[in-house]
file upload21.cif (mmCIF, C-alpha atoms)
data_model
loop_
_atom_site.group_PDB
_atom_site.id
_atom_site.type_symbol
_atom_site.label_atom_id
_atom_site.label_comp_id
_atom_site.auth_asym_id
_atom_site.auth_seq_id
_atom_site.Cartn_x
_atom_site.Cartn_y
_atom_site.Cartn_z
ATOM 1 C CA MET A 401 129.779 140.241 109.393
ATOM 2 C CA SER A 402 129.635 139.386 113.079
ATOM 3 C CA LEU A 403 126.666 137.167 113.937
ATOM 4 C CA ASN A 404 125.300 136.647 117.432
ATOM 5 C CA LEU A 405 125.590 132.849 117.453
ATOM 6 C CA PRO A 406 124.479 130.853 119.253
ATOM 7 C CA SER A 407 121.402 133.034 119.501
ATOM 8 C CA PRO A 408 120.163 133.399 123.088
ATOM 9 C CA ILE A 409 117.276 131.387 124.522
ATOM 10 C CA GLN A 410 114.920 133.328 126.768
ATOM 11 C CA SER A 411 112.464 131.942 129.298
ATOM 12 C CA VAL A 412 109.112 133.754 129.274
ATOM 13 C CA THR A 413 105.656 133.357 130.752
ATOM 14 C CA PHE A 414 102.732 133.657 128.360
ATOM 15 C CA GLU A 415 99.135 133.068 129.425
ATOM 16 C CA ASN A 416 100.474 131.665 132.739
ATOM 17 C CA LYS A 417 102.605 129.043 130.975
ATOM 18 C CA GLN A 418 106.380 128.888 130.659
ATOM 19 C CA PHE A 419 107.915 128.885 127.210
ATOM 20 C CA PHE A 420 111.442 129.191 125.912
ATOM 21 C CA ILE A 421 112.100 131.456 122.917
ATOM 22 C CA LYS A 422 115.048 130.959 120.598
ATOM 23 C CA ARG A 423 115.849 134.592 119.830
ATOM 24 C CA ASP A 424 116.943 134.217 116.231
ATOM 25 C CA ASP A 425 115.726 137.787 115.737
ATOM 26 C CA LEU A 426 118.893 138.847 117.593
ATOM 27 C CA ILE A 427 121.371 137.110 115.253
ATOM 28 C CA HIS A 428 122.116 140.374 113.423
ATOM 29 C CA PRO A 429 120.213 143.647 112.871
ATOM 30 C CA ASP A 430 120.250 143.123 109.085
ATOM 31 C CA PHE A 431 120.458 139.351 108.803
ATOM 32 C CA SER A 432 118.259 137.501 111.250
ATOM 33 C CA GLY A 433 115.652 134.835 111.779
ATOM 34 C CA ASN A 434 115.264 131.730 109.666
ATOM 35 C CA LYS A 435 116.682 133.492 106.593
ATOM 36 C CA ALA A 436 120.036 133.921 108.359
ATOM 37 C CA ARG A 437 120.022 130.162 108.935
ATOM 38 C CA LYS A 438 118.955 129.306 105.379
ATOM 39 C CA PHE A 439 121.510 131.575 103.703
ATOM 40 C CA TYR A 440 124.366 130.857 106.127
ATOM 41 C CA TYR A 441 125.983 128.475 103.618
ATOM 42 C CA PHE A 442 126.407 131.291 101.101
ATOM 43 C CA LEU A 443 127.761 133.619 103.776
ATOM 44 C CA LYS A 444 130.419 131.270 105.147
ATOM 45 C CA ASN A 445 131.684 129.425 102.064
ATOM 46 C CA ASP A 446 134.169 130.559 99.439
ATOM 47 C CA LEU A 447 132.118 131.303 96.354
ATOM 48 C CA SER A 448 134.754 133.047 94.285
ATOM 49 C CA GLY A 449 133.625 133.437 90.699
ATOM 50 C CA ILE A 450 130.037 134.196 91.639
ATOM 51 C CA GLU A 451 128.895 137.585 90.369
ATOM 52 C CA LYS A 452 125.143 137.552 90.753
ATOM 53 C CA VAL A 453 122.313 136.097 92.849
ATOM 54 C CA ILE A 454 118.826 135.682 91.394
ATOM 55 C CA SER A 455 115.608 134.945 93.262
ATOM 56 C CA TYR A 456 111.873 135.596 93.079
ATOM 57 C CA GLY A 457 108.818 136.026 95.303
ATOM 58 C CA SER A 458 106.719 138.832 96.758
ATOM 59 C CA SER A 459 107.720 142.490 96.830
ATOM 60 C CA GLN A 460 107.744 142.606 100.654
ATOM 61 C CA SER A 461 109.508 139.291 101.229
ATOM 62 C CA ASN A 462 111.802 138.810 104.235
ATOM 63 C CA ALA A 463 113.955 136.511 102.088
ATOM 64 C CA MET A 464 114.304 139.252 99.473
ATOM 65 C CA TYR A 465 115.677 141.672 102.041
ATOM 66 C CA SER A 466 118.059 139.101 103.565
ATOM 67 C CA LEU A 467 119.385 138.266 100.098
ATOM 68 C CA SER A 468 119.952 141.945 99.396
ATOM 69 C CA VAL A 469 122.090 142.139 102.545
ATOM 70 C CA LEU A 470 124.002 138.985 101.577
ATOM 71 C CA ALA A 471 124.600 140.220 98.027
ATOM 72 C CA LYS A 472 125.838 143.601 99.220
ATOM 73 C CA MET A 473 128.262 141.952 101.637
ATOM 74 C CA LYS A 474 129.586 139.625 98.954
ATOM 75 C CA GLY A 475 129.766 142.263 96.228
ATOM 76 C CA TRP A 476 127.240 140.433 94.058
ATOM 77 C CA LYS A 477 124.552 141.878 91.833
ATOM 78 C CA PHE A 478 121.056 140.955 93.014
ATOM 79 C CA GLU A 479 118.119 140.461 90.655
ATOM 80 C CA TYR A 480 114.724 139.754 92.167
ATOM 81 C CA TYR A 481 111.641 138.838 90.125
ATOM 82 C CA VAL A 482 108.067 139.605 91.160
ATOM 83 C CA ASP A 483 104.672 139.148 89.513
ATOM 84 C CA HIS A 484 103.743 142.759 90.244
ATOM 85 C CA ILE A 485 104.490 145.744 92.464
ATOM 86 C CA ALA A 486 101.509 147.457 94.045
ATOM 87 C CA GLU A 487 101.142 151.091 92.973
ATOM 88 C CA TYR A 488 100.941 152.206 96.605
ATOM 89 C CA LEU A 489 104.260 150.501 97.359
ATOM 90 C CA ARG A 490 105.926 152.089 94.323
ATOM 91 C CA GLU A 491 104.799 155.521 95.476
ATOM 92 C CA ASN A 492 105.329 154.937 99.201
ATOM 93 C CA SER A 493 108.441 152.798 99.465
ATOM 94 C CA HIS A 494 108.755 151.138 102.890
ATOM 95 C CA GLY A 495 109.646 147.953 104.758
ATOM 96 C CA ASN A 496 111.584 145.133 103.114
ATOM 97 C CA TYR A 497 111.009 146.596 99.647
ATOM 98 C CA LYS A 498 112.592 149.944 100.504
ATOM 99 C CA ALA A 499 115.510 148.408 102.406
ATOM 100 C CA ALA A 500 116.297 145.918 99.619
ATOM 101 C CA LEU A 501 116.297 148.687 97.003
ATOM 102 C CA GLU A 502 118.666 150.676 99.197
ATOM 103 C CA ASN A 503 120.970 147.627 99.082
ATOM 104 C CA ASP A 504 121.064 147.957 95.258
ATOM 105 C CA MET A 505 118.590 145.189 94.471
ATOM 106 C CA GLN A 506 117.267 145.242 90.904
ATOM 107 C CA MET A 507 113.572 144.319 90.988
ATOM 108 C CA ILE A 508 112.132 142.960 87.744
ATOM 109 C CA VAL A 509 108.413 142.495 87.109
ATOM 110 C CA GLY A 510 107.676 139.316 85.177
ATOM 111 C CA ARG A 511 107.847 135.548 85.445
ATOM 112 C CA GLY A 512 110.716 134.987 83.015
ATOM 113 C CA VAL A 513 113.538 134.223 85.447
ATOM 114 C CA PRO A 514 116.723 133.751 83.376
ATOM 115 C CA THR A 515 118.657 130.488 83.301
ATOM 116 C CA PRO A 516 121.485 130.554 85.884
ATOM 117 C CA THR A 517 125.097 130.445 84.728
ATOM 118 C CA ILE A 518 128.267 129.378 86.530
ATOM 119 C CA GLU A 519 128.652 132.992 87.693
ATOM 120 C CA THR A 520 125.116 133.046 89.112
ATOM 121 C CA ILE A 521 123.438 131.602 92.194
ATOM 122 C CA TYR A 522 119.735 130.898 91.860
ATOM 123 C CA ILE A 523 117.754 130.925 95.115
ATOM 124 C CA GLU A 524 114.285 129.361 95.276
ATOM 125 C CA GLU A 525 111.457 131.468 96.711
ATOM 126 C CA GLY A 526 111.803 131.677 100.486
ATOM 127 C CA GLY A 527 115.181 129.937 100.407
ATOM 128 C CA ARG A 528 113.865 126.409 99.790
ATOM 129 C CA GLN A 529 117.025 124.557 98.752
ATOM 130 C CA LYS A 530 119.452 121.912 99.939
ATOM 131 C CA GLU A 531 122.115 124.480 100.928
ATOM 132 C CA ALA A 532 119.787 125.647 103.715
ATOM 133 C CA GLU A 533 120.608 122.475 105.631
ATOM 134 C CA PHE A 534 124.112 123.810 106.356
ATOM 135 C CA GLY A 535 122.918 126.615 108.635
ATOM 136 C CA ILE A 536 119.998 124.703 110.091
ATOM 137 C CA LYS A 537 122.343 121.944 111.302
ATOM 138 C CA ILE A 538 124.060 124.629 113.364
ATOM 139 C CA LEU A 539 120.686 125.670 114.797
ATOM 140 C CA ALA A 540 120.014 122.043 115.758
ATOM 141 C CA GLN A 541 123.374 121.788 117.529
ATOM 142 C CA GLU A 542 122.688 125.008 119.437
ATOM 143 C CA ILE A 543 119.403 123.533 120.679
ATOM 144 C CA ILE A 544 121.038 120.239 121.672
ATOM 145 C CA ASP A 545 123.819 122.033 123.558
ATOM 146 C CA TRP A 546 121.262 124.133 125.432
ATOM 147 C CA GLN A 547 119.187 121.062 126.302
ATOM 148 C CA GLU A 548 122.198 119.268 127.709
ATOM 149 C CA GLU A 549 123.398 122.302 129.669
ATOM 150 C CA ASN A 550 119.957 122.739 131.243
ATOM 151 C CA GLY A 551 119.151 119.066 131.808
ATOM 152 C CA ILE A 552 116.058 119.080 129.604
ATOM 153 C CA GLY A 553 115.538 115.518 128.401
ATOM 154 C CA GLN A 554 112.383 115.907 126.337
ATOM 155 C CA LEU A 555 111.751 119.075 124.371
ATOM 156 C CA ASN A 556 109.104 120.105 121.891
ATOM 157 C CA VAL A 557 110.191 122.681 119.310
ATOM 158 C CA PHE A 558 107.678 124.801 117.429
ATOM 159 C CA LEU A 559 108.007 127.176 114.495
ATOM 160 C CA PRO A 560 105.579 128.310 111.767
ATOM 161 C CA SER A 561 106.356 127.387 108.155
ATOM 162 C CA GLY A 562 106.270 129.012 104.740
ATOM 163 C CA THR A 563 108.104 126.507 102.564
ATOM 164 C CA GLY A 564 108.802 124.329 105.623
ATOM 165 C CA THR A 565 112.535 124.233 104.868
ATOM 166 C CA THR A 566 113.712 125.219 108.356
ATOM 167 C CA ALA A 567 111.313 122.893 110.183
ATOM 168 C CA LEU A 568 112.213 119.954 107.942
ATOM 169 C CA PHE A 569 115.998 120.260 108.134
ATOM 170 C CA LEU A 570 115.790 120.993 111.846
ATOM 171 C CA GLN A 571 113.861 117.792 112.543
ATOM 172 C CA LYS A 572 116.201 115.822 110.293
ATOM 173 C CA SER A 573 119.296 117.224 112.014
ATOM 174 C CA LEU A 574 117.936 116.524 115.490
ATOM 175 C CA ILE A 575 117.157 112.912 114.561
ATOM 176 C CA THR A 576 120.397 112.156 112.720
ATOM 177 C CA HIS A 577 122.467 113.597 115.560
ATOM 178 C CA HIS A 578 121.729 110.323 117.417
ATOM 179 C CA SER A 579 121.306 112.259 120.618
ATOM 180 C CA SER A 580 119.861 110.585 123.698
ATOM 181 C CA LEU A 581 117.637 113.659 123.992
ATOM 182 C CA ILE A 582 114.067 113.422 122.690
ATOM 183 C CA THR A 583 113.250 116.447 120.562
ATOM 184 C CA ARG A 584 110.187 116.700 118.361
ATOM 185 C CA VAL A 585 109.615 119.503 115.868
ATOM 186 C CA TYR A 586 106.098 120.813 115.294
ATOM 187 C CA THR A 587 105.012 123.346 112.711
ATOM 188 C CA THR A 588 101.994 124.780 110.920
ATOM 189 C CA ALA A 589 101.384 125.842 107.321
ATOM 190 C CA CYS A 590 101.210 129.622 106.947
ATOM 191 C CA VAL A 591 101.393 129.604 103.133
ATOM 192 C CA GLY A 592 98.973 127.140 101.599
ATOM 193 C CA ASP A 593 97.610 124.200 103.572
ATOM 194 C CA THR A 594 98.866 120.944 105.079
ATOM 195 C CA THR A 595 98.887 119.224 101.671
ATOM 196 C CA TYR A 596 101.043 122.008 100.234
ATOM 197 C CA LEU A 597 103.461 121.833 103.165
ATOM 198 C CA LYS A 598 103.817 118.054 102.922
ATOM 199 C CA LYS A 599 104.627 118.450 99.237
ATOM 200 C CA GLN A 600 107.354 120.953 100.120
ATOM 201 C CA PHE A 601 108.820 118.488 102.639
ATOM 202 C CA LEU A 602 108.870 115.672 100.077
ATOM 203 C CA GLU A 603 110.668 117.797 97.495
ATOM 204 C CA LEU A 604 113.550 118.214 99.950
ATOM 205 C CA GLU A 605 113.424 114.878 101.817
ATOM 206 C CA ALA A 606 111.698 111.692 100.639
ATOM 207 C CA ASN A 607 112.091 109.869 103.959
ATOM 208 C CA GLU A 608 109.057 110.882 106.006
ATOM 209 C CA LYS A 609 110.645 109.851 109.301
ATOM 210 C CA TYR A 610 112.536 113.145 109.087
ATOM 211 C CA HIS A 611 109.394 115.231 108.562
ATOM 212 C CA PRO A 612 108.087 117.531 111.330
ATOM 213 C CA GLN A 613 104.573 117.067 112.648
ATOM 214 C CA ILE A 614 102.097 119.546 111.169
ATOM 215 C CA LEU A 615 99.497 121.117 113.467
ATOM 216 C CA THR A 616 96.426 123.066 112.360
ATOM 217 C CA LEU A 617 93.562 125.241 113.548
ATOM 218 C CA ASP A 618 89.922 124.440 112.858
ATOM 219 C CA LYS A 619 89.473 127.423 110.516
ATOM 220 C CA LYS A 620 91.326 127.901 107.234
ATOM 221 C CA HIS A 621 93.947 130.635 107.295
ATOM 222 C CA HIS A 622 94.732 132.781 104.232
ATOM 223 C CA PHE A 623 98.317 133.970 104.006
ATOM 224 C CA GLY A 624 98.735 137.743 104.265
ATOM 225 C CA LYS A 625 95.113 138.379 105.278
ATOM 226 C CA LEU A 626 94.606 140.537 108.368
ATOM 227 C CA TYR A 627 93.022 138.565 111.212
ATOM 228 C CA LYS A 628 91.878 140.187 114.438
ATOM 229 C CA GLU A 629 92.980 137.060 116.330
ATOM 230 C CA ASN A 630 96.504 137.411 114.935
ATOM 231 C CA TYR A 631 96.761 141.044 115.977
ATOM 232 C CA LYS A 632 95.375 140.329 119.441
ATOM 233 C CA ILE A 633 97.845 137.547 120.196
ATOM 234 C CA TRP A 634 100.715 139.649 118.791
ATOM 235 C CA LEU A 635 99.817 142.463 121.182
ATOM 236 C CA LYS A 636 99.437 140.018 124.097
ATOM 237 C CA LEU A 637 102.817 138.474 123.390
ATOM 238 C CA HIS A 638 104.481 141.875 123.438
ATOM 239 C CA GLN A 639 102.688 142.899 126.629
ATOM 240 C CA GLN A 640 103.376 139.670 128.535
ATOM 241 C CA THR A 641 106.867 138.765 127.282
ATOM 242 C CA GLY A 642 108.353 142.084 126.120
ATOM 243 C CA VAL A 643 109.336 140.402 122.840
ATOM 244 C CA GLU A 644 108.301 141.818 119.466
ATOM 245 C CA PHE A 645 107.404 139.152 116.924
ATOM 246 C CA ASP A 646 106.921 139.208 113.177
ATOM 247 C CA LEU A 647 103.289 139.936 112.210
ATOM 248 C CA LEU A 648 103.068 137.595 109.234
ATOM 249 C CA TYR A 649 104.125 134.172 110.571
ATOM 250 C CA ASP A 650 104.533 134.310 114.339
ATOM 251 C CA PRO A 651 100.942 135.223 115.358
ATOM 252 C CA LEU A 652 99.523 132.202 113.535
ATOM 253 C CA GLY A 653 102.339 130.105 114.963
ATOM 254 C CA TRP A 654 101.476 131.094 118.516
ATOM 255 C CA ARG A 655 97.738 130.634 117.940
ATOM 256 C CA VAL A 656 98.336 127.096 116.702
ATOM 257 C CA LEU A 657 100.743 126.298 119.512
ATOM 258 C CA MET A 658 98.329 127.547 122.194
ATOM 259 C CA ALA A 659 95.532 125.473 120.626
ATOM 260 C CA HIS A 660 97.558 122.289 121.182
ATOM 261 C CA PRO A 661 98.163 121.775 124.924
ATOM 262 C CA GLU A 662 99.444 118.265 124.208
ATOM 263 C CA VAL A 663 102.505 120.031 122.788
ATOM 264 C CA HIS A 664 103.054 122.936 125.183
ATOM 265 C CA SER A 665 102.303 120.877 128.303
ATOM 266 C CA LYS A 666 105.918 119.681 127.923
ATOM 267 C CA PRO A 667 108.983 121.966 127.826
ATOM 268 C CA THR A 668 108.536 123.916 124.605
ATOM 269 C CA LEU A 669 110.984 126.021 122.592
ATOM 270 C CA TYR A 670 109.507 128.520 120.137
ATOM 271 C CA ILE A 671 111.865 129.669 117.394
ATOM 272 C CA HIS A 672 111.467 133.388 116.680
ATOM 273 C CA GLN A 673 111.099 133.951 112.937
ATOM 274 C CA GLY A 674 112.883 137.306 112.755
ATOM 275 C CA GLY A 675 111.482 139.376 109.888
ATOM 276 C CA LEU A 676 110.724 142.399 112.058
ATOM 277 C CA LEU A 677 111.371 144.848 109.236
ATOM 278 C CA GLY A 678 108.169 143.546 107.654
ATOM 279 C CA ASN A 679 106.228 144.963 110.598
ATOM 280 C CA GLU A 680 106.806 148.430 109.127
ATOM 281 C CA SER A 681 104.205 147.597 106.501
ATOM 282 C CA MET A 682 102.007 145.119 108.411
ATOM 283 C CA LEU A 683 101.481 147.088 111.634
ATOM 284 C CA PRO A 684 99.952 150.219 110.027
ATOM 285 C CA ARG A 685 97.547 147.958 108.113
ATOM 286 C CA TYR A 686 96.464 146.255 111.344
ATOM 287 C CA LYS A 687 96.082 149.563 113.167
ATOM 288 C CA ARG A 688 93.855 150.910 110.396
ATOM 289 C CA LYS A 689 91.657 147.825 110.326
ATOM 290 C CA TYR A 690 91.529 147.137 114.082
ATOM 291 C CA PRO A 691 92.032 150.466 115.880
ATOM 292 C CA PHE A 692 91.926 149.131 119.432
ATOM 293 C CA PRO A 693 94.769 149.865 121.891
#
call {"tool": "encode", "arguments": {"input": "upload21.cif", "output": "structure tokens"}}
result
Amino acid sequence: MSLNLPSPIQSVTFENKQFFIKRDDLIHPDFSGNKARKFYYFLKNDLSGIEKVISYGSSQSNAMYSLSVLAKMKGWKFEYYVDHIAEYLRENSHGNYKAALENDMQMIVGRGVPTPTIETIYIEEGGRQKEAEFGIKILAQEIIDWQEENGIGQLNVFLPSGTGTTALFLQKSLITHHSSLITRVYTTACVGDTTYLKKQFLELEANEKYHPQILTLDKKHHFGKLYKENYKIWLKLHQQTGVEFDLLYDPLGWRVLMAHPEVHSKPTLYIHQGGLLGNESMLPRYKRKYPFP
């Protein structure tokens, strides 16, 4: 598999402000965004003897689809566990679910995930595991190289979080690099709240000096719910920058970032989350609920 690394960084103007976008959506048509970073370890290392990968989560998960691509490339079986599959999705296969099935994923309904064996890799939901640090260190180095090439001394980096794995390992890598550059990582909780996200950080890294700074909005946000504000900013971003973003994480990310001028008043790099295949299911839902142009 040929990956477009380092992924390009694009300068855009949004709401009359300059931002830089790390186009991780362009890493590969089938293997992009933060999941390409998280699963890079399994792609690049010799894992002879492995026959199967097992994971779990939702039936339209970006991680599920990326794992199906990885498993197909490696010749592994792929078992994915879900609590349920919506009847509409069963009858109208689309998005990540359809693509993962086409990659020979076996989806199993139920919570009883089997115990891994030496021939099996077990992946936590969303890719929250120590192996993710391997690919995210490479992301950090790409950012540092770009900063140095462009003479940007202080940079704020923003990305929305599910498990917070990418944001955490990115901040840790940028700090431990001992660079003279000042780079601070900011994020927001898309799944759960700030307490949940802090707990996720602590499970991967006990030293809080390596934790990103969590930003919030005034109103509580429910993951997966359709918000008019999310759809509006998604449309604005496409109109003003020409870049298509994921509809699940990126709109909340941009809303939070724009609500914190103390962050984006300095040079700011937004990391594109990839996951555009998920828009096949999200966009029709938004259009039905909010049928404005």
call {"tool": "resolve_selection", "arguments": {"input": "upload21.cif", "expression": "the PyMOL selection byres ((chain A and resi 550-559) around 9)", "output": "JSON, numbers by chain"}}
result
{"A": [545, 546, 547, 548, 549, 560, 561, 566, 567, 580, 581, 582, 583, 584, 585, 586, 587, 588, 649, 650, 653, 654, 657, 663, 664, 666, 667, 668, 669, 670, 671, 672, 673]}
call {"tool": "axis_aligned_box", "arguments": {"input": "upload21.cif", "around": "segment 614-625 of chain A", "padding_each_side": "8 Å", "output": "lines of an AutoDock Vina configuration file"}}
result
center_x = 95.8
center_y = 129.0
center_z = 108.8
size_x = 28.6
size_y = 34.8
size_z = 25.5
call {"tool": "resolve_selection", "arguments": {"input": "upload21.cif", "expression": "the PyMOL selection byres ((chain A and resi 431) around 10)", "output": "PyMOL selection string"}}
result
chain A and resi 401+403+424-430+432-437+439-440+462-463+465-470+674-675
call {"tool": "residues_around", "arguments": {"input": "upload21.cif", "residues": "Tyr522 of chain A", "least_positions_apart": "3", "cutoff": "6 Å", "atoms": "all atoms listed in the file", "output": "list of chain:residue names"}}
result
A:Val453, A:Ile454, A:Ser455
call {"tool": "resolve_selection", "arguments": {"input": "upload21.cif", "expression": "the PyMOL selection byres ((chain A and resi 499) around 10)", "output": "NGL selection string"}}
result
:A and (430 or 460 or 464-466 or 468-469 or 493-498 or 500-505 or 677)
call {"tool": "residues_around", "arguments": {"input": "upload21.cif", "residues": "Leu604 of chain A", "least_positions_apart": "2", "cutoff": "12 Å", "atoms": "all atoms listed in the file", "output": "list in words"}}
result
Gly527, Arg528, Gln529, Lys530, Glu531, Ala532, Glu533, Thr563, Gly564, Thr565, Thr566, Ala567, Leu568, Phe569, Lys572, Leu597, Lys598, Lys599, Gln600, Phe601, Leu602, Ala606, Asn607, Glu608, Tyr610 and His611 of chain A
call {"tool": "residues_around", "arguments": {"input": "upload21.cif", "residues": "Val509 of chain A", "least_positions_apart": "5", "cutoff": "9 Å", "atoms": "all atoms listed in the file", "output": "PyMOL selection string"}}
result
chain A and resi 480-485
call {"tool": "atom_distance", "arguments": {"input": "upload21.cif", "atom1": "atom CA of His638 of chain A", "atom2": "atom CA of Phe623 of chain A"}}
result
21.9 Å
call {"tool": "atom_distance", "arguments": {"input": "upload21.cif", "atom1": "atom CA of Pro408 of chain A", "atom2": "atom CA of Ile575 of chain A"}}
result
22.4 Å
call {"tool": "atom_distance", "arguments": {"input": "upload21.cif", "atom1": "atom CA of Lys632 of chain A", "atom2": "atom CA of Thr413 of chain A"}}
result
16.8 Å
call {"tool": "closest_residue", "arguments": {"input": "upload21.cif", "among": "A:Ala589, A:Glu605, A:Lys687, A:Leu676", "to": "Val656 of chain A", "atoms": "all atoms listed in the file"}}
result
A:Ala589
call {"tool": "residues_around", "arguments": {"input": "upload21.cif", "residues": "Glu451 of chain A", "least_positions_apart": "5", "cutoff": "12 Å", "atoms": "all atoms listed in the file", "output": "VMD selection string"}}
result
chain A and resid 471 to 472 474 to 479 516 to 522
call {"tool": "residues_around", "arguments": {"input": "upload21.cif", "residues": "Trp634 of chain A", "least_positions_apart": "4", "cutoff": "8 Å", "atoms": "only C-alpha atoms", "output": "list in words"}}
result
Asn630, His638, Glu644, Phe645, Leu647, Asp650 and Pro651 of chain A
call {"tool": "closest_residue", "arguments": {"input": "upload21.cif", "among": "A:Ser461, A:Glu542, A:Ala659, A:Tyr488", "to": "Gly624 of chain A", "atoms": "all atoms listed in the file"}}
result
A:Ser461
call {"tool": "closest_residue", "arguments": {"input": "upload21.cif", "among": "A:Gly642, A:Pro406, A:Gly457, A:Gly592", "to": "Ile536 of chain A", "atoms": "all atoms listed in the file"}}
result
A:Pro406
call {"tool": "closest_residue", "arguments": {"input": "upload21.cif", "among": "A:His622, A:Thr595, A:Met507, A:Lys438", "to": "Glu524 of chain A", "atoms": "all atoms listed in the file"}}
result
A:Lys438
